[in-house]
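Enquirer: Okay, handing you the structure first.
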Amino acid sequence: MSFRTNECQQLTLEDSFINLTDRERTALEKSWAKVFADEIFPAIDEQRFSVLYSDKASRPNAPVNVIIGSLIIKELFDYSDDELVENLMLDLHLQYALHTTSFAEQPLSDKTLSRFRKRCYDYETLHGVDLYHDCVKNLSGKIAQIMKLNGRIRRMDSMMIESNIRFLSRMELIYTCISKLIILLTKDHPDRVVESLKHYADPNDYNRIFYHQRNDDMGAIIQTLLADSNYLLDICKTDFEEATEYQLFVRCLSDQTVVENGNRRLRTREDGTMNSSALQNPSDPDATYRNKSGKLHRGYVANMEETVGKNGSVVTDYQFDKNTHTDSHFLQETLSQMEHSGGEIILVTDGGYDGQDNIALAKEKNVKLVTTALIGKEAPDVLADFEFNEEGTKLLKCAAGYEPVSQSYTKSTRQCRVSFDRNHCAVCPKQEQCHPKIHKKVATFITSKNASNRAKSQRYMQGEEFSNLAKLRNGVETIPSNIRKNYHLDKLPRGKQRGKFFFGSKIAALNFRKLFGFRKGLGNYALNPMLV
């Protein structure tokens, strides 16, 4: 299939829009479809996706901008693929929004969307480039421009996303992995499946094992599962290393069991706790385990960066990863990919994004990182007036303006051990905050640039500017609940790659609603001095 851009975007004499009455035309132009057709559809960059198609002459592709627009509309109204294809044929709103009113036949079929997604998945797997994420990010940036959001103030937050999988006990997990591998062998290599293992391929076997057995039989069942696992390893050897079912089976055994004196047994606490990346369910191998704020999560985490202005807000970038990915990691990735800004950007986050390394990296990009909470021990206020060199390896002056007599720097802890003239510290009014150790000739204490920066942050948090920024940050908390409620986040397909694709469509739909509200005069914020 060869790539061709969509040139059929102008009205023709046979266009269905021309035959509308004035009343019908007015109603259509007041609807969401008008804003989508004028602002979103022309902004879709088709050329970005040309790499998904052949450069040889062959049957042309379905219009990429129609596909991208359809994926956004699909999330906007919670359509299934089939519902979207049907509604595009019958609903003039969709045809007008996607510039297809002049088409003799609508360009989407029942497989168009799934095949396009598959092309994007394969390209990302092969080249490490997420074309759809780049497209959504580009659209978000253009929406921000339309809404006159200059990007000077941004806020960031993350949300946990549960994978649509059932919780499995350790025994159920091992059984399920064995069963899936036996089903594969039964289908492709039935000669390798001995009679004693054939029951794993029976759909009713699971109920017989787990629901029709007495509790005191569980120990014997576990031993049987482990014995069958060893037998399967001997059968398969290295012949099935490319099979997904075999890979999951081996991963499960590695996570859940250990071999001791030639015998396999379940892993115990004494063997070392299983890490959070352990397989949770073979139906979603990418899902990971995390305990956050006392709540257990199995699945993924999304991070969102929102640009804020007096005309509203737009999610201008997003990230999607396993839920073992921390807020701090997300921020570091964002800053690393960001170019140095000509004007200072203020990025407001919660305490999870805090850290001296993050602050330093943000400063390199001309980004002022403002966290509304600080994690860890409070630093004495007097440290805010200490002066260090740029690297933090040397203290230049203390809060009273004295220079150290001598000092040493410990690289592993990033701390300076400093010595001052005893007479200076003994009578210094700031001594009660510094807490130096007074010796015969000198006074010593240990400090660091990190502690000084923390004291400066604490002092900044007492000011009016911080108070206004903290009020702005609270708005980003509405995004998770909005996406869950209005865009059915719990219906994400399994798998990190597929989940990220669908999440991107939901972000695009959310941003379009913000744009539509702006066009209708509904996007203004309450007056905040930081947005003027």
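Ordered as shown in the structure tokens, chains take letters A, B, and onward, while each chain numbers its residues from 1 and ligands are numbered from 1 in the order shown.
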Report as a ChimeraX atom specification: the residues of region 106-346 of chain A with a DSSP assignment of helix (DSSP H, G or I), based on the backbone of this structure.

Expert: /A:112-127,131-146,170-188,190-192,195-201,205-210,215-236,244-256,269-271,327-337

Enquirer: Excluding Gly504 (chain A) and any residue of its chain fewer than 6 positions from it, enumerate the residues within 12 Å of it, using only C-alpha atoms, and give them as a PDB file with all heavy atoms, in the first residue's frame.

Expert:
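Ended up saving to selection19.pdb:
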```
ATOM      1  N   ILE A  68      -6.681   9.730  11.692  1.00  0.00           N
ATOM      2  CA  ILE A  68      -6.308  10.384  12.954  1.00  0.00           C
ATOM      3  C   ILE A  68      -7.505  11.123  13.538  1.00  0.00           C
ATOM      4  O   ILE A  68      -7.800  11.012  14.737  1.00  0.00           O
ATOM      5  CB  ILE A  68      -5.141  11.356  12.742  1.00  0.00           C
ATOM      6  CG1 ILE A  68      -3.905  10.632  12.210  1.00  0.00           C
ATOM      7  CG2 ILE A  68      -4.819  12.093  14.038  1.00  0.00           C
ATOM      8  CD1 ILE A  68      -3.325   9.625  13.151  1.00  0.00           C
ATOM      9  N   LEU A  71      -9.911   8.676  15.064  1.00  0.00           N
ATOM     10  CA  LEU A  71      -9.464   8.130  16.346  1.00  0.00           C
ATOM     11  C   LEU A  71      -9.763   9.099  17.499  1.00  0.00           C
ATOM     12  O   LEU A  71     -10.103   8.680  18.609  1.00  0.00           O
ATOM     13  CB  LEU A  71      -7.958   7.849  16.295  1.00  0.00           C
ATOM     14  CG  LEU A  71      -7.525   6.681  15.398  1.00  0.00           C
ATOM     15  CD1 LEU A  71      -6.011   6.662  15.239  1.00  0.00           C
ATOM     16  CD2 LEU A  71      -8.009   5.359  15.967  1.00  0.00           C
ATOM     17  N   ILE A  72      -9.664  10.399  17.226  1.00  0.00           N
ATOM     18  CA  ILE A  72      -9.984  11.397  18.257  1.00  0.00           C
ATOM     19  C   ILE A  72     -11.483  11.441  18.510  1.00  0.00           C
ATOM     20  O   ILE A  72     -11.936  11.456  19.661  1.00  0.00           O
ATOM     21  CB  ILE A  72      -9.460  12.779  17.832  1.00  0.00           C
ATOM     22  CG1 ILE A  72      -7.932  12.744  17.672  1.00  0.00           C
ATOM     23  CG2 ILE A  72      -9.862  13.846  18.843  1.00  0.00           C
ATOM     24  CD1 ILE A  72      -7.338  14.018  17.097  1.00  0.00           C
ATOM     25  N   GLU A  75     -12.847   8.592  20.656  1.00  0.00           N
ATOM     26  CA  GLU A  75     -12.736   8.786  22.097  1.00  0.00           C
ATOM     27  C   GLU A  75     -13.663   9.894  22.588  1.00  0.00           C
ATOM     28  O   GLU A  75     -14.136   9.844  23.726  1.00  0.00           O
ATOM     29  CB  GLU A  75     -11.293   9.122  22.471  1.00  0.00           C
ATOM     30  CG  GLU A  75     -10.280   8.049  22.127  1.00  0.00           C
ATOM     31  CD  GLU A  75     -10.546   6.740  22.846  1.00  0.00           C
ATOM     32  OE1 GLU A  75     -11.164   6.775  23.928  1.00  0.00           O
ATOM     33  OE2 GLU A  75     -10.142   5.685  22.336  1.00  0.00           O
ATOM     34  N   ASP A 130       7.571   6.747  18.418  1.00  0.00           N
ATOM     35  CA  ASP A 130       6.115   6.711  18.568  1.00  0.00           C
ATOM     36  C   ASP A 130       5.516   7.832  17.725  1.00  0.00           C
ATOM     37  O   ASP A 130       5.391   8.974  18.168  1.00  0.00           O
ATOM     38  CB  ASP A 130       5.734   6.874  20.044  1.00  0.00           C
ATOM     39  CG  ASP A 130       4.249   6.670  20.290  1.00  0.00           C
ATOM     40  OD1 ASP A 130       3.480   6.590  19.307  1.00  0.00           O
ATOM     41  OD2 ASP A 130       3.841   6.596  21.467  1.00  0.00           O
ATOM     42  N   LEU A 131       5.139   7.519  16.495  1.00  0.00           N
ATOM     43  CA  LEU A 131       4.610   8.521  15.575  1.00  0.00           C
ATOM     44  C   LEU A 131       3.314   9.134  16.076  1.00  0.00           C
ATOM     45  O   LEU A 131       3.079  10.332  15.916  1.00  0.00           O
ATOM     46  CB  LEU A 131       4.376   7.885  14.195  1.00  0.00           C
ATOM     47  CG  LEU A 131       5.614   7.351  13.469  1.00  0.00           C
ATOM     48  CD1 LEU A 131       5.207   6.623  12.205  1.00  0.00           C
ATOM     49  CD2 LEU A 131       6.572   8.489  13.142  1.00  0.00           C
ATOM     50  N   TYR A 132       2.482   8.318  16.698  1.00  0.00           N
ATOM     51  CA  TYR A 132       1.179   8.826  17.124  1.00  0.00           C
ATOM     52  C   TYR A 132       1.336   9.799  18.294  1.00  0.00           C
ATOM     53  O   TYR A 132       0.651  10.816  18.359  1.00  0.00           O
ATOM     54  CB  TYR A 132       0.260   7.663  17.509  1.00  0.00           C
ATOM     55  CG  TYR A 132      -1.174   8.090  17.687  1.00  0.00           C
ATOM     56  CD1 TYR A 132      -1.911   8.563  16.611  1.00  0.00           C
ATOM     57  CD2 TYR A 132      -1.787   8.030  18.935  1.00  0.00           C
ATOM     58  CE1 TYR A 132      -3.224   8.964  16.769  1.00  0.00           C
ATOM     59  CE2 TYR A 132      -3.101   8.426  19.096  1.00  0.00           C
ATOM     60  CZ  TYR A 132      -3.821   8.895  18.009  1.00  0.00           C
ATOM     61  OH  TYR A 132      -5.112   9.308  18.164  1.00  0.00           O
ATOM     62  N   HIS A 133       2.241   9.490  19.221  1.00  0.00           N
ATOM     63  CA  HIS A 133       2.505  10.417  20.324  1.00  0.00           C
ATOM     64  C   HIS A 133       2.984  11.760  19.785  1.00  0.00           C
ATOM     65  O   HIS A 133       2.542  12.826  20.235  1.00  0.00           O
ATOM     66  CB  HIS A 133       3.563   9.833  21.268  1.00  0.00           C
ATOM     67  CG  HIS A 133       4.091  10.822  22.257  1.00  0.00           C
ATOM     68  ND1 HIS A 133       5.208  11.601  22.000  1.00  0.00           N
ATOM     69  CD2 HIS A 133       3.662  11.191  23.494  1.00  0.00           C
ATOM     70  CE1 HIS A 133       5.442  12.388  23.018  1.00  0.00           C
ATOM     71  NE2 HIS A 133       4.531  12.163  23.951  1.00  0.00           N
ATOM     72  N   ASP A 134       3.890  11.724  18.802  1.00  0.00           N
ATOM     73  CA  ASP A 134       4.405  12.959  18.218  1.00  0.00           C
ATOM     74  C   ASP A 134       3.293  13.748  17.544  1.00  0.00           C
ATOM     75  O   ASP A 134       3.268  14.986  17.590  1.00  0.00           O
ATOM     76  CB  ASP A 134       5.510  12.644  17.216  1.00  0.00           C
ATOM     77  CG  ASP A 134       6.736  12.018  17.881  1.00  0.00           C
ATOM     78  OD1 ASP A 134       6.857  12.144  19.121  1.00  0.00           O
ATOM     79  OD2 ASP A 134       7.548  11.402  17.174  1.00  0.00           O
ATOM     80  N   CYS A 135       2.362  13.033  16.905  1.00  0.00           N
ATOM     81  CA  CYS A 135       1.234  13.690  16.243  1.00  0.00           C
ATOM     82  C   CYS A 135       0.323  14.374  17.258  1.00  0.00           C
ATOM     83  O   CYS A 135      -0.059  15.537  17.085  1.00  0.00           O
ATOM     84  CB  CYS A 135       0.444  12.665  15.429  1.00  0.00           C
ATOM     85  SG  CYS A 135      -1.048  13.330  14.628  1.00  0.00           S
ATOM     86  N   VAL A 136      -0.024  13.666  18.322  1.00  0.00           N
ATOM     87  CA  VAL A 136      -0.898  14.234  19.359  1.00  0.00           C
ATOM     88  C   VAL A 136      -0.220  15.423  20.029  1.00  0.00           C
ATOM     89  O   VAL A 136      -0.849  16.454  20.303  1.00  0.00           O
ATOM     90  CB  VAL A 136      -1.275  13.160  20.393  1.00  0.00           C
ATOM     91  CG1 VAL A 136      -2.018  13.776  21.574  1.00  0.00           C
ATOM     92  CG2 VAL A 136      -2.122  12.069  19.751  1.00  0.00           C
ATOM     93  N   LYS A 137       1.082  15.304  20.301  1.00  0.00           N
ATOM     94  CA  LYS A 137       1.820  16.400  20.916  1.00  0.00           C
ATOM     95  C   LYS A 137       1.830  17.626  20.007  1.00  0.00           C
ATOM     96  O   LYS A 137       1.669  18.768  20.473  1.00  0.00           O
ATOM     97  CB  LYS A 137       3.252  15.947  21.217  1.00  0.00           C
ATOM     98  CG  LYS A 137       4.100  17.000  21.912  1.00  0.00           C
ATOM     99  CD  LYS A 137       5.491  16.468  22.217  1.00  0.00           C
ATOM    100  CE  LYS A 137       6.354  17.554  22.879  1.00  0.00           C
ATOM    101  NZ  LYS A 137       7.711  17.041  23.179  1.00  0.00           N
ATOM    102  N   ASN A 138       2.013  17.408  18.715  1.00  0.00           N
ATOM    103  CA  ASN A 138       1.998  18.510  17.757  1.00  0.00           C
ATOM    104  C   ASN A 138       0.632  19.185  17.706  1.00  0.00           C
ATOM    105  O   ASN A 138       0.532  20.426  17.692  1.00  0.00           O
ATOM    106  CB  ASN A 138       2.395  17.993  16.375  1.00  0.00           C
ATOM    107  CG  ASN A 138       2.440  19.092  15.330  1.00  0.00           C
ATOM    108  OD1 ASN A 138       1.517  19.240  14.534  1.00  0.00           O
ATOM    109  ND2 ASN A 138       3.508  19.858  15.320  1.00  0.00           N
ATOM    110  N   LEU A 139      -0.441  18.388  17.691  1.00  0.00           N
ATOM    111  CA  LEU A 139      -1.796  18.940  17.705  1.00  0.00           C
ATOM    112  C   LEU A 139      -2.049  19.737  18.982  1.00  0.00           C
ATOM    113  O   LEU A 139      -2.663  20.814  18.948  1.00  0.00           O
ATOM    114  CB  LEU A 139      -2.825  17.812  17.588  1.00  0.00           C
ATOM    115  CG  LEU A 139      -3.062  17.225  16.197  1.00  0.00           C
ATOM    116  CD1 LEU A 139      -4.035  16.040  16.295  1.00  0.00           C
ATOM    117  CD2 LEU A 139      -3.618  18.269  15.254  1.00  0.00           C
ATOM    118  N   SER A 140      -1.574  19.209  20.099  1.00  0.00           N
ATOM    119  CA  SER A 140      -1.762  19.889  21.391  1.00  0.00           C
ATOM    120  C   SER A 140      -1.079  21.252  21.383  1.00  0.00           C
ATOM    121  O   SER A 140      -1.625  22.237  21.895  1.00  0.00           O
ATOM    122  CB  SER A 140      -1.213  19.021  22.528  1.00  0.00           C
ATOM    123  OG  SER A 140      -1.856  17.762  22.574  1.00  0.00           O
ATOM    124  N   ALA A 302       0.570   7.155  33.972  1.00  0.00           N
ATOM    125  CA  ALA A 302       0.653   8.185  32.938  1.00  0.00           C
ATOM    126  C   ALA A 302       1.075   9.496  33.585  1.00  0.00           C
ATOM    127  O   ALA A 302       0.683   9.792  34.718  1.00  0.00           O
ATOM    128  CB  ALA A 302      -0.687   8.350  32.223  1.00  0.00           C
ATOM    129  N   ASN A 303       1.876  10.245  32.869  1.00  0.00           N
ATOM    130  CA  ASN A 303       2.333  11.551  33.340  1.00  0.00           C
ATOM    131  C   ASN A 303       1.891  12.601  32.340  1.00  0.00           C
ATOM    132  O   ASN A 303       2.018  12.416  31.123  1.00  0.00           O
ATOM    133  CB  ASN A 303       3.860  11.565  33.471  1.00  0.00           C
ATOM    134  CG  ASN A 303       4.369  12.804  34.168  1.00  0.00           C
ATOM    135  OD1 ASN A 303       4.107  13.003  35.350  1.00  0.00           O
ATOM    136  ND2 ASN A 303       5.100  13.643  33.454  1.00  0.00           N
ATOM    137  N   MET A 304       1.338  13.726  32.829  1.00  0.00           N
ATOM    138  CA  MET A 304       0.792  14.755  31.945  1.00  0.00           C
ATOM    139  C   MET A 304       1.390  16.113  32.259  1.00  0.00           C
ATOM    140  O   MET A 304       1.505  16.497  33.417  1.00  0.00           O
ATOM    141  CB  MET A 304      -0.733  14.818  32.088  1.00  0.00           C
ATOM    142  CG  MET A 304      -1.425  13.554  31.629  1.00  0.00           C
ATOM    143  SD  MET A 304      -2.898  13.194  32.577  1.00  0.00           S
ATOM    144  CE  MET A 304      -2.224  12.819  34.186  1.00  0.00           C
ATOM    145  N   VAL A 315      -3.299  20.018  27.712  1.00  0.00           N
ATOM    146  CA  VAL A 315      -2.282  19.001  27.993  1.00  0.00           C
ATOM    147  C   VAL A 315      -1.359  18.939  26.779  1.00  0.00           C
ATOM    148  O   VAL A 315      -1.725  18.384  25.741  1.00  0.00           O
ATOM    149  CB  VAL A 315      -2.918  17.628  28.268  1.00  0.00           C
ATOM    150  CG1 VAL A 315      -1.830  16.587  28.544  1.00  0.00           C
ATOM    151  CG2 VAL A 315      -3.882  17.703  29.434  1.00  0.00           C
ATOM    152  N   THR A 316      -0.193  19.533  26.892  1.00  0.00           N
ATOM    153  CA  THR A 316       0.704  19.660  25.752  1.00  0.00           C
ATOM    154  C   THR A 316       1.674  18.492  25.594  1.00  0.00           C
ATOM    155  O   THR A 316       2.365  18.396  24.581  1.00  0.00           O
ATOM    156  CB  THR A 316       1.499  20.975  25.840  1.00  0.00           C
ATOM    157  OG1 THR A 316       1.982  21.150  27.174  1.00  0.00           O
ATOM    158  CG2 THR A 316       0.616  22.155  25.493  1.00  0.00           C
ATOM    159  N   ASP A 317       1.766  17.629  26.589  1.00  0.00           N
ATOM    160  CA  ASP A 317       2.601  16.438  26.443  1.00  0.00           C
ATOM    161  C   ASP A 317       2.150  15.392  27.456  1.00  0.00           C
ATOM    162  O   ASP A 317       1.531  15.722  28.478  1.00  0.00           O
ATOM    163  CB  ASP A 317       4.074  16.765  26.665  1.00  0.00           C
ATOM    164  CG  ASP A 317       5.011  15.696  26.091  1.00  0.00           C
ATOM    165  OD1 ASP A 317       4.504  14.748  25.457  1.00  0.00           O
ATOM    166  OD2 ASP A 317       6.238  15.802  26.279  1.00  0.00           O
ATOM    167  N   TYR A 318       2.434  14.135  27.156  1.00  0.00           N
ATOM    168  CA  TYR A 318       2.070  13.049  28.060  1.00  0.00           C
ATOM    169  C   TYR A 318       3.090  11.931  27.912  1.00  0.00           C
ATOM    170  O   TYR A 318       3.788  11.812  26.907  1.00  0.00           O
ATOM    171  CB  TYR A 318       0.660  12.526  27.752  1.00  0.00           C
ATOM    172  CG  TYR A 318       0.547  11.852  26.400  1.00  0.00           C
ATOM    173  CD1 TYR A 318       0.705  10.473  26.257  1.00  0.00           C
ATOM    174  CD2 TYR A 318       0.281  12.597  25.249  1.00  0.00           C
ATOM    175  CE1 TYR A 318       0.607   9.859  25.019  1.00  0.00           C
ATOM    176  CE2 TYR A 318       0.181  11.988  24.007  1.00  0.00           C
ATOM    177  CZ  TYR A 318       0.338  10.630  23.897  1.00  0.00           C
ATOM    178  OH  TYR A 318       0.262  10.013  22.670  1.00  0.00           O
ATOM    179  N   GLN A 319       3.198  11.124  28.954  1.00  0.00           N
ATOM    180  CA  GLN A 319       4.061   9.936  28.959  1.00  0.00           C
ATOM    181  C   GLN A 319       3.258   8.776  29.544  1.00  0.00           C
ATOM    182  O   GLN A 319       2.348   8.979  30.358  1.00  0.00           O
ATOM    183  CB  GLN A 319       5.309  10.195  29.803  1.00  0.00           C
ATOM    184  CG  GLN A 319       6.214  11.294  29.264  1.00  0.00           C
ATOM    185  CD  GLN A 319       7.035  11.962  30.350  1.00  0.00           C
ATOM    186  OE1 GLN A 319       6.525  12.788  31.101  1.00  0.00           O
ATOM    187  NE2 GLN A 319       8.305  11.622  30.446  1.00  0.00           N
ATOM    188  N   PHE A 320       3.608   7.578  29.135  1.00  0.00           N
ATOM    189  CA  PHE A 320       2.878   6.384  29.558  1.00  0.00           C
ATOM    190  C   PHE A 320       3.892   5.276  29.742  1.00  0.00           C
ATOM    191  O   PHE A 320       4.664   4.973  28.832  1.00  0.00           O
ATOM    192  CB  PHE A 320       1.844   6.012  28.493  1.00  0.00           C
ATOM    193  CG  PHE A 320       0.858   4.951  28.908  1.00  0.00           C
ATOM    194  CD1 PHE A 320      -0.397   5.298  29.394  1.00  0.00           C
ATOM    195  CD2 PHE A 320       1.174   3.606  28.811  1.00  0.00           C
ATOM    196  CE1 PHE A 320      -1.314   4.333  29.766  1.00  0.00           C
ATOM    197  CE2 PHE A 320       0.267   2.627  29.187  1.00  0.00           C
ATOM    198  CZ  PHE A 320      -0.987   3.001  29.665  1.00  0.00           C
ATOM    199  N   ILE A 483     -10.581  12.273  32.808  1.00  0.00           N
ATOM    200  CA  ILE A 483     -10.324  11.199  31.837  1.00  0.00           C
ATOM    201  C   ILE A 483     -11.015   9.910  32.255  1.00  0.00           C
ATOM    202  O   ILE A 483     -11.575   9.181  31.420  1.00  0.00           O
ATOM    203  CB  ILE A 483      -8.811  10.982  31.673  1.00  0.00           C
ATOM    204  CG1 ILE A 483      -8.160  12.233  31.075  1.00  0.00           C
ATOM    205  CG2 ILE A 483      -8.530   9.786  30.772  1.00  0.00           C
ATOM    206  CD1 ILE A 483      -6.670  12.113  30.865  1.00  0.00           C
ATOM    207  N   TYR A 487     -13.832   9.703  29.588  1.00  0.00           N
ATOM    208  CA  TYR A 487     -13.158   9.018  28.491  1.00  0.00           C
ATOM    209  C   TYR A 487     -12.859   7.559  28.812  1.00  0.00           C
ATOM    210  O   TYR A 487     -12.067   6.927  28.118  1.00  0.00           O
ATOM    211  CB  TYR A 487     -11.868   9.776  28.124  1.00  0.00           C
ATOM    212  CG  TYR A 487     -12.150  11.196  27.700  1.00  0.00           C
ATOM    213  CD1 TYR A 487     -12.054  12.239  28.619  1.00  0.00           C
ATOM    214  CD2 TYR A 487     -12.573  11.490  26.411  1.00  0.00           C
ATOM    215  CE1 TYR A 487     -12.343  13.541  28.249  1.00  0.00           C
ATOM    216  CE2 TYR A 487     -12.866  12.787  26.036  1.00  0.00           C
ATOM    217  CZ  TYR A 487     -12.757  13.814  26.962  1.00  0.00           C
ATOM    218  OH  TYR A 487     -13.049  15.099  26.584  1.00  0.00           O
ATOM    219  N   LEU A 489     -11.265   5.540  31.002  1.00  0.00           N
ATOM    220  CA  LEU A 489      -9.880   5.111  31.055  1.00  0.00           C
ATOM    221  C   LEU A 489      -9.729   3.637  31.417  1.00  0.00           C
ATOM    222  O   LEU A 489      -8.759   2.986  31.040  1.00  0.00           O
ATOM    223  CB  LEU A 489      -9.122   5.978  32.073  1.00  0.00           C
ATOM    224  CG  LEU A 489      -7.603   5.879  32.071  1.00  0.00           C
ATOM    225  CD1 LEU A 489      -7.039   6.345  30.737  1.00  0.00           C
ATOM    226  CD2 LEU A 489      -7.014   6.702  33.194  1.00  0.00           C
ATOM    227  N   LEU A 492      -8.981   0.789  28.693  1.00  0.00           N
ATOM    228  CA  LEU A 492      -7.757   0.713  27.893  1.00  0.00           C
ATOM    229  C   LEU A 492      -7.427  -0.746  27.570  1.00  0.00           C
ATOM    230  O   LEU A 492      -7.561  -1.622  28.428  1.00  0.00           O
ATOM    231  CB  LEU A 492      -6.584   1.322  28.648  1.00  0.00           C
ATOM    232  CG  LEU A 492      -6.437   2.852  28.658  1.00  0.00           C
ATOM    233  CD1 LEU A 492      -5.179   3.235  29.421  1.00  0.00           C
ATOM    234  CD2 LEU A 492      -6.386   3.413  27.258  1.00  0.00           C
ATOM    235  N   GLN A 497       2.202  -0.719  25.035  1.00  0.00           N
ATOM    236  CA  GLN A 497       2.206  -0.035  23.746  1.00  0.00           C
ATOM    237  C   GLN A 497       0.794   0.330  23.293  1.00  0.00           C
ATOM    238  O   GLN A 497       0.529   1.467  22.896  1.00  0.00           O
ATOM    239  CB  GLN A 497       2.894  -0.913  22.707  1.00  0.00           C
ATOM    240  CG  GLN A 497       3.211  -0.200  21.396  1.00  0.00           C
ATOM    241  CD  GLN A 497       3.928  -1.126  20.429  1.00  0.00           C
ATOM    242  OE1 GLN A 497       3.430  -2.198  20.085  1.00  0.00           O
ATOM    243  NE2 GLN A 497       5.102  -0.719  19.982  1.00  0.00           N
ATOM    244  N   ARG A 498      -0.106  -0.621  23.379  1.00  0.00           N
ATOM    245  CA  ARG A 498      -1.490  -0.361  22.960  1.00  0.00           C
ATOM    246  C   ARG A 498      -2.168   0.619  23.910  1.00  0.00           C
ATOM    247  O   ARG A 498      -2.918   1.500  23.485  1.00  0.00           O
ATOM    248  CB  ARG A 498      -2.266  -1.675  22.902  1.00  0.00           C
ATOM    249  CG  ARG A 498      -1.727  -2.672  21.894  1.00  0.00           C
ATOM    250  CD  ARG A 498      -2.467  -3.988  21.982  1.00  0.00           C
ATOM    251  NE  ARG A 498      -3.846  -3.849  21.551  1.00  0.00           N
ATOM    252  CZ  ARG A 498      -4.851  -4.586  21.988  1.00  0.00           C
ATOM    253  NH1 ARG A 498      -4.626  -5.505  22.921  1.00  0.00           N
ATOM    254  NH2 ARG A 498      -6.067  -4.411  21.535  1.00  0.00           N
ATOM    255  N   LEU A 510      -9.634  15.166  24.921  1.00  0.00           N
ATOM    256  CA  LEU A 510      -9.740  16.096  26.042  1.00  0.00           C
ATOM    257  C   LEU A 510      -9.335  17.503  25.621  1.00  0.00           C
ATOM    258  O   LEU A 510     -10.012  18.492  25.943  1.00  0.00           O
ATOM    259  CB  LEU A 510      -8.854  15.613  27.187  1.00  0.00           C
ATOM    260  CG  LEU A 510      -8.696  16.551  28.398  1.00  0.00           C
ATOM    261  CD1 LEU A 510     -10.006  16.677  29.148  1.00  0.00           C
ATOM    262  CD2 LEU A 510      -7.603  16.052  29.327  1.00  0.00           C
ATOM    263  N   ASN A 511      -8.250  17.611  24.863  1.00  0.00           N
ATOM    264  CA  ASN A 511      -7.787  18.921  24.411  1.00  0.00           C
ATOM    265  C   ASN A 511      -8.763  19.564  23.435  1.00  0.00           C
ATOM    266  O   ASN A 511      -8.937  20.784  23.428  1.00  0.00           O
ATOM    267  CB  ASN A 511      -6.406  18.796  23.764  1.00  0.00           C
ATOM    268  CG  ASN A 511      -5.299  18.629  24.782  1.00  0.00           C
ATOM    269  OD1 ASN A 511      -5.449  18.994  25.945  1.00  0.00           O
ATOM    270  ND2 ASN A 511      -4.183  18.070  24.364  1.00  0.00           N
TER     271      ASN A 511
END
```

Enquirer: Skip Asp110 (chain A) itself and residues of its chain fewer than 3 positions away, then list as a PyMOL selection string all residues within 10 Å of it, counting only C-alpha atoms.

Expert: chain A and resi 81-86+113-115

Enquirer: Write out as a list in words the residues lying within 12 Å of Glu390 (chain A), counting only C-alpha atoms and excluding same-chain residues fewer than 5 positions away.

Expert: Ala360, Lys363, Leu395, Leu396, Lys449, Asn450 and Asn453 of chain A

Enquirer: Please write the residues from the selection above to a file, keeping N, CA, C and O atoms, as a PDB file, in the first residue's frame.

Expert:
```
ATOM      1  N   ALA A 360      18.517  21.046  39.344  1.00  0.00           N
ATOM      2  CA  ALA A 360      19.699  21.428  38.566  1.00  0.00           C
ATOM      3  C   ALA A 360      19.465  21.210  37.066  1.00  0.00           C
ATOM      4  O   ALA A 360      19.840  22.048  36.236  1.00  0.00           O
ATOM      5  N   LYS A 363      17.186  23.865  35.735  1.00  0.00           N
ATOM      6  CA  LYS A 363      17.879  25.144  35.606  1.00  0.00           C
ATOM      7  C   LYS A 363      18.672  25.205  34.309  1.00  0.00           C
ATOM      8  O   LYS A 363      18.760  26.260  33.659  1.00  0.00           O
ATOM      9  N   LEU A 395      32.149  25.699  50.069  1.00  0.00           N
ATOM     10  CA  LEU A 395      31.384  26.761  50.727  1.00  0.00           C
ATOM     11  C   LEU A 395      32.197  28.053  50.666  1.00  0.00           C
ATOM     12  O   LEU A 395      33.345  28.098  51.101  1.00  0.00           O
ATOM     13  N   LEU A 396      31.591  29.102  50.112  1.00  0.00           N
ATOM     14  CA  LEU A 396      32.291  30.385  49.970  1.00  0.00           C
ATOM     15  C   LEU A 396      32.128  31.268  51.197  1.00  0.00           C
ATOM     16  O   LEU A 396      33.098  31.824  51.705  1.00  0.00           O
ATOM     17  N   LYS A 449      25.281  22.034  49.595  1.00  0.00           N
ATOM     18  CA  LYS A 449      24.523  22.944  48.730  1.00  0.00           C
ATOM     19  C   LYS A 449      23.079  22.479  48.607  1.00  0.00           C
ATOM     20  O   LYS A 449      22.166  23.292  48.483  1.00  0.00           O
ATOM     21  N   ASN A 450      22.864  21.158  48.635  1.00  0.00           N
ATOM     22  CA  ASN A 450      21.495  20.638  48.582  1.00  0.00           C
ATOM     23  C   ASN A 450      20.677  21.153  49.758  1.00  0.00           C
ATOM     24  O   ASN A 450      19.513  21.550  49.610  1.00  0.00           O
ATOM     25  N   ASN A 453      19.910  24.799  49.140  1.00  0.00           N
ATOM     26  CA  ASN A 453      18.834  24.955  48.153  1.00  0.00           C
ATOM     27  C   ASN A 453      17.478  24.604  48.757  1.00  0.00           C
ATOM     28  O   ASN A 453      16.461  25.235  48.441  1.00  0.00           O
TER      29      ASN A 453
END
```

Enquirer: Output as a list in words all residues of region 96-262 of chain A that backbone DSSP marks as strand (DSSP E).

Expert: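 Taking region 96-262 of chain A and keeping strand (DSSP E) only, one gets Ile153, Arg154, Arg155, Met156, Asp157, Ser158, Met159, Met160, Ile161, Glu162, Thr257, Val258, Val259 and Glu260 of chain A.
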